[in-house]
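S.K.: One structure coming up, written as structure tokens, with questions to follow.
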Protein chains: 2
Amino acid sequence: MHKLYHHSMSVPSRYARLILGEYGQQFQLVEETPWSRKPDFLKLNPAGTLPVLATGDGRSVCGGTVVGEFIDETVGAMMREKRLMPENSFDRAEIRRLVDWFLIKFETEALHYIVGERVFKQMKRSEEGGGAPDSSRIRAGRNNLKNHLKYIGWLAGNRNWLGGTRLSHADMAAAAGISVLDYLGEIDWDSEPAARDWYARIKSRPSFRPLLADKVGGIPPVSHYADLDF
Amino acid sequence: MHKLYHHSMSVPSRYARLILGEYGQQFQLVEETPWSRKPDFLKLNPAGTLPVLATGDGRSVCGGTVVGEFIDETVGAMMREKRLMPENSFDRAEIRRLVDWFLIKFETEALHYIVGERVFKQMKRSEEGGGAPDSSRIRAGRNNLKNHLKYIGWLAGNRNWLGGTRLSHADMAAAAGISVLDYLGEIDWDSEPAARDWYARIKSRPSFRPLLADKVGGIPPVSHYADLDF
């Protein structure tokens, strides 16, 4: 069985869990704290980043988008109309643009600040970069989050799903980031009703259930986090 | 004909130029300064990042890795043994891991500091983030560059090409970043002979010629930049 090295507050890890779930893959979760820089983990992925998918035969696939492409390539053809990547290359380019948007741009501009300060700084020892959260960085992240939420609202209001007519990797990438922020009570759902409707549809999928059961030590989720009717 | 919106000091733009060149695609270059945030450019790519490949039929493909996948998908099959992506999904995952390494990690840890301070800050107006270079950020980038150069040296010393036995997208991604730093005289070639041998092989390819002819206003390249026997 596949092993997925992950952390529940890591967005690309959540993305990989959603993709594996949607493609019907069984896997075992192994929690990893990449900031500890354990030599065994660095052997699996010299970049020291999450997620890493270790396949049964001793090989590993490193990184959220790389795992997404790998799973689609290896089992996507059997998914038929449930496949989360379209056939047409232009449509695929649009999905990949959005996956990069949510896993890189959204991460750099909002999640990195909010989750970095509120969650990871608490978990790390001081020599690993831990310490008291910096409120000016949290504010900067929250400011940028508004624009990202607006963009999700715009996509959700103009398309069936974020990447086009069908559910795709783009929805999984956006939902991975949104779900971490929602856990922390950072999303103002009243401000973007189209984004809320989209998230309610994603949240009710079976692939999402394990994410809604996540608990992070010392940081309980907001009360509506696992509520499908929030 | 394709149009590629690019900047000569943008690493993912150089990556797209190399990929297009290797896959035998004709294209016209359009220089763009993304920090100017021109409305017409933001219509092409709302992320405001380079490169953007505008295809003849009015559609656009945004981002370095996305352009790389698009070109491989649309014309790769005709390349036969010259195709720059392997057939096997594990081998493809390894290439993608390295493309992410060079276009994201290398960028964030080294290029962003060195090129950002030495080049882009000069080009931008003060309201765009321009100003005098910050030497402490340049130092931080140079420090990280040493490790990246060592990693290239290690890969080049242990494999035929950086991603394995055959030339691949991984070599193009690494060469894109290295060529920008080499233009600026930032590479200590004596420290990593295996990396130098690899770069000499890449540099002599026809796809590389247009990059070696690049000139950036006010910043002349180091004397060996276009020299194939450096």
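We label chains A, B, ... in the order they appear in the structure tokens, count residues from 1 in each chain, and number ligands from 1 in the order shown.
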For chain A against chain B, with a cut-off of 9 Å and counting only C-alpha atoms, what is the closest atom pair and its distance in Å to one decimal for every residue that makes the cut, ordered by chain and number, as a tab-separated table?

M.R.:
```
residue	atom	partner	partner_atom	distance
A:Ala47	CA	B:Trp101	CA	7.4
A:Arg59	CA	B:Phe90	CA	8.1
A:Ser60	CA	B:Phe90	CA	8.3
A:Val61	CA	B:Ala93	CA	6.1
A:Cys62	CA	B:Arg97	CA	6.2
A:Gly63	CA	B:Arg97	CA	6.9
A:Thr65	CA	B:Arg96	CA	8.7
A:Val66	CA	B:Ala93	CA	6.0
A:Val67	CA	B:Ala93	CA	7.7
A:Glu69	CA	B:Ala93	CA	7.9
A:Phe70	CA	B:Ser89	CA	6.3
A:Glu73	CA	B:Ser89	CA	6.9
A:Thr74	CA	B:Ser89	CA	7.0
A:Ser89	CA	B:Phe70	CA	6.3
A:Phe90	CA	B:Val61	CA	7.4
A:Arg92	CA	B:Phe70	CA	8.0
A:Ala93	CA	B:Val66	CA	6.0
A:Glu94	CA	B:Val61	CA	7.3
A:Arg96	CA	B:Val66	CA	6.2
A:Arg97	CA	B:Cys62	CA	6.2
A:Asp100	CA	B:Gly63	CA	8.4
A:Trp101	CA	B:Ala47	CA	7.4
A:Ile104	CA	B:Ile104	CA	8.9
A:Lys105	CA	B:Ala47	CA	8.0
```

S.K.: Write the residues of the preceding selection, restricted to C-alpha atoms, as a CSV table (one decimal), in the first residue's frame.

M.R.:
```csv
chain,number,residue,atom,x,y,z
A,47,ALA,CA,14.0,19.2,-0.8
A,59,ARG,CA,10.2,4.5,-4.8
A,60,SER,CA,9.0,7.9,-3.8
A,61,VAL,CA,7.1,10.7,-5.6
A,62,CYS,CA,7.8,14.2,-4.1
A,63,GLY,CA,5.6,17.2,-4.0
A,65,THR,CA,1.6,18.7,-8.0
A,66,VAL,CA,4.0,15.9,-8.9
A,67,VAL,CA,1.8,13.4,-6.9
A,69,GLU,CA,0.2,14.2,-12.1
A,70,PHE,CA,1.5,10.8,-11.1
A,73,GLU,CA,-1.1,9.3,-15.2
A,74,THR,CA,-1.1,5.9,-13.6
A,89,SER,CA,-4.5,20.1,-23.7
A,90,PHE,CA,-5.8,23.7,-23.4
A,92,ARG,CA,-5.4,20.8,-18.9
A,93,ALA,CA,-3.3,23.9,-19.1
A,94,GLU,CA,-6.1,25.9,-17.5
A,96,ARG,CA,-2.6,23.4,-14.2
A,97,ARG,CA,-2.6,27.2,-14.1
A,100,ASP,CA,-0.2,26.5,-9.5
A,101,TRP,CA,-2.2,29.5,-8.4
A,104,ILE,CA,2.0,28.4,-5.0
A,105,LYS,CA,0.6,31.9,-5.3
```

S.K.: Excluding same-chain residues fewer than 2 positions from Lys82 (chain B), what lies within 12 Å of it counting only C-alpha atoms, as a PyMOL selection string?

M.R.: chain B and resi 19+22-24+72+75-80+84-87+166-169

S.K.: Counting only C-alpha atoms, what is within 8 Å of Glu31 (chain B), bar same-chain residues fewer than 2 positions away, as a ChimeraX atom specification?

M.R.: /B:5-8,29,33

S.K.: Could you save the residues just selected, with C-alpha atoms, as an mmCIF file, in the first residue's frame?

M.R.:
```
data_model
loop_
_atom_site.group_PDB
_atom_site.id
_atom_site.type_symbol
_atom_site.label_atom_id
_atom_site.label_comp_id
_atom_site.auth_asym_id
_atom_site.auth_seq_id
_atom_site.Cartn_x
_atom_site.Cartn_y
_atom_site.Cartn_z
ATOM 1 C CA TYR B 5 5.489 37.010 -23.341
ATOM 2 C CA HIS B 6 8.774 36.908 -21.481
ATOM 3 C CA HIS B 7 11.550 38.852 -19.806
ATOM 4 C CA SER B 8 15.167 37.927 -20.447
ATOM 5 C CA LEU B 29 9.166 37.012 -28.306
ATOM 6 C CA THR B 33 7.714 43.853 -17.433
#
```

S.K.: Please, which residues of chain B, numbered as in this document, come out strand (DSSP E) from DSSP, as an NGL selection string?

M.R.: :B and (2-6 or 27-31 or 52-54 or 60-62)

S.K.: With C-alpha atoms retained, could you export that selection as an mmCIF file, in the first residue's frame?

M.R.:
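Printed below is out-v6.cif as written:
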```cif
data_model
loop_
_atom_site.group_PDB
_atom_site.id
_atom_site.type_symbol
_atom_site.label_atom_id
_atom_site.label_comp_id
_atom_site.auth_asym_id
_atom_site.auth_seq_id
_atom_site.Cartn_x
_atom_site.Cartn_y
_atom_site.Cartn_z
ATOM 1 C CA HIS B 2 3.022 31.396 -30.996
ATOM 2 C CA LYS B 3 3.860 34.557 -29.085
ATOM 3 C CA LEU B 4 5.817 34.190 -25.861
ATOM 4 C CA TYR B 5 5.489 37.010 -23.341
ATOM 5 C CA HIS B 6 8.774 36.908 -21.481
ATOM 6 C CA PHE B 27 7.676 31.632 -31.731
ATOM 7 C CA GLN B 28 7.890 35.381 -31.498
ATOM 8 C CA LEU B 29 9.166 37.012 -28.306
ATOM 9 C CA VAL B 30 7.266 39.879 -26.689
ATOM 10 C CA GLU B 31 9.071 41.549 -23.813
ATOM 11 C CA VAL B 52 2.633 33.425 -21.100
ATOM 12 C CA LEU B 53 2.391 31.520 -24.362
ATOM 13 C CA ALA B 54 -0.290 33.058 -26.577
ATOM 14 C CA SER B 60 -3.021 31.515 -23.627
ATOM 15 C CA VAL B 61 -1.012 29.089 -21.533
ATOM 16 C CA CYS B 62 0.344 30.614 -18.314
#
```

S.K.: My list of candidates is B:Trp161, B:Phe230, B:Phe41, B:Phe120. Which is closest to Asp190 (chain B) when distances are computed with only C-alpha atoms?

M.R.: B:Phe230

S.K.: If we count only C-alpha atoms, what is near Ala173 (chain B) at a cut-off of 7 Å, once residues fewer than 5 positions away on the same chain are taken out, given as a ChimeraX atom specification?

M.R.: /B:15,99,102-103

S.K.: Write a file of the selected residues as a CSV table (one decimal), in the first residue's frame, keeping all heavy atoms.

M.R.:
```csv
chain,number,residue,atom,x,y,z
B,15,TYR,N,13.2,29.1,-19.3
B,15,TYR,CA,12.8,27.7,-19.4
B,15,TYR,C,11.8,27.5,-20.6
B,15,TYR,O,12.1,26.6,-21.4
B,15,TYR,CB,12.1,27.3,-18.1
B,15,TYR,CG,11.5,26.0,-18.0
B,15,TYR,CD1,12.4,24.8,-18.0
B,15,TYR,CD2,10.2,25.8,-17.9
B,15,TYR,CE1,11.8,23.6,-18.0
B,15,TYR,CE2,9.6,24.5,-17.9
B,15,TYR,CZ,10.4,23.4,-17.9
B,15,TYR,OH,9.9,22.2,-17.8
B,99,VAL,N,12.2,19.8,-11.9
B,99,VAL,CA,11.7,21.1,-12.5
B,99,VAL,C,11.2,22.0,-11.4
B,99,VAL,O,11.5,23.2,-11.3
B,99,VAL,CB,10.6,20.8,-13.6
B,99,VAL,CG1,9.9,22.1,-14.0
B,99,VAL,CG2,11.2,20.1,-14.8
B,102,PHE,N,14.1,23.4,-9.4
B,102,PHE,CA,14.8,24.6,-10.0
B,102,PHE,C,14.0,25.8,-10.3
B,102,PHE,O,14.4,26.9,-10.2
B,102,PHE,CB,15.6,24.1,-11.3
B,102,PHE,CG,16.7,23.1,-11.0
B,102,PHE,CD1,16.6,21.8,-11.4
B,102,PHE,CD2,17.8,23.5,-10.2
B,102,PHE,CE1,17.7,20.9,-11.1
B,102,PHE,CE2,18.8,22.7,-9.9
B,102,PHE,CZ,18.7,21.3,-10.3
B,103,LEU,N,12.7,25.6,-10.6
B,103,LEU,CA,11.9,26.7,-10.9
B,103,LEU,C,11.2,27.3,-9.6
B,103,LEU,O,10.8,28.5,-9.6
B,103,LEU,CB,10.8,26.4,-11.9
B,103,LEU,CG,11.2,26.0,-13.3
B,103,LEU,CD1,10.0,25.9,-14.3
B,103,LEU,CD2,12.2,27.0,-13.9
```

S.K.: Write out as a list in words which residues come within 10 Å of region 225-228 of chain B when counting only C-alpha atoms, dropping same-chain ones fewer than 3 positions away.

M.R.: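 The residues satisfying every condition are Ser179, Val180, Leu181, Asp182, Tyr183, Leu184, Gly185, Tyr199, Ala200, Arg201, Ile202, Lys203, Ser204, Arg205, Phe208, Arg209, Leu211, Leu212, Ala213, Asp214, Pro220, Pro221 and Val222 of chain B.
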
S.K.: Using DSSP assignments from the backbone, pull out every residue in region 28-218 of chain B that falls under alpha helix (DSSP H) and give it to me as JSON, numbers by chain.

M.R.: {"B": [39, 40, 41, 42, 43, 44, 64, 65, 66, 67, 68, 69, 70, 71, 72, 73, 74, 75, 89, 90, 91, 92, 93, 94, 95, 96, 97, 98, 99, 100, 106, 112, 113, 114, 115, 121, 122, 123, 135, 136, 137, 138, 139, 140, 141, 142, 143, 144, 145, 146, 147, 148, 149, 150, 151, 152, 153, 154, 155, 156, 157, 158, 169, 170, 171, 172, 173, 174, 175, 176, 177, 178, 179, 180, 181, 182, 183, 193, 194, 195, 196, 197, 198, 199, 200, 201, 202, 203, 209, 210, 211, 212]}
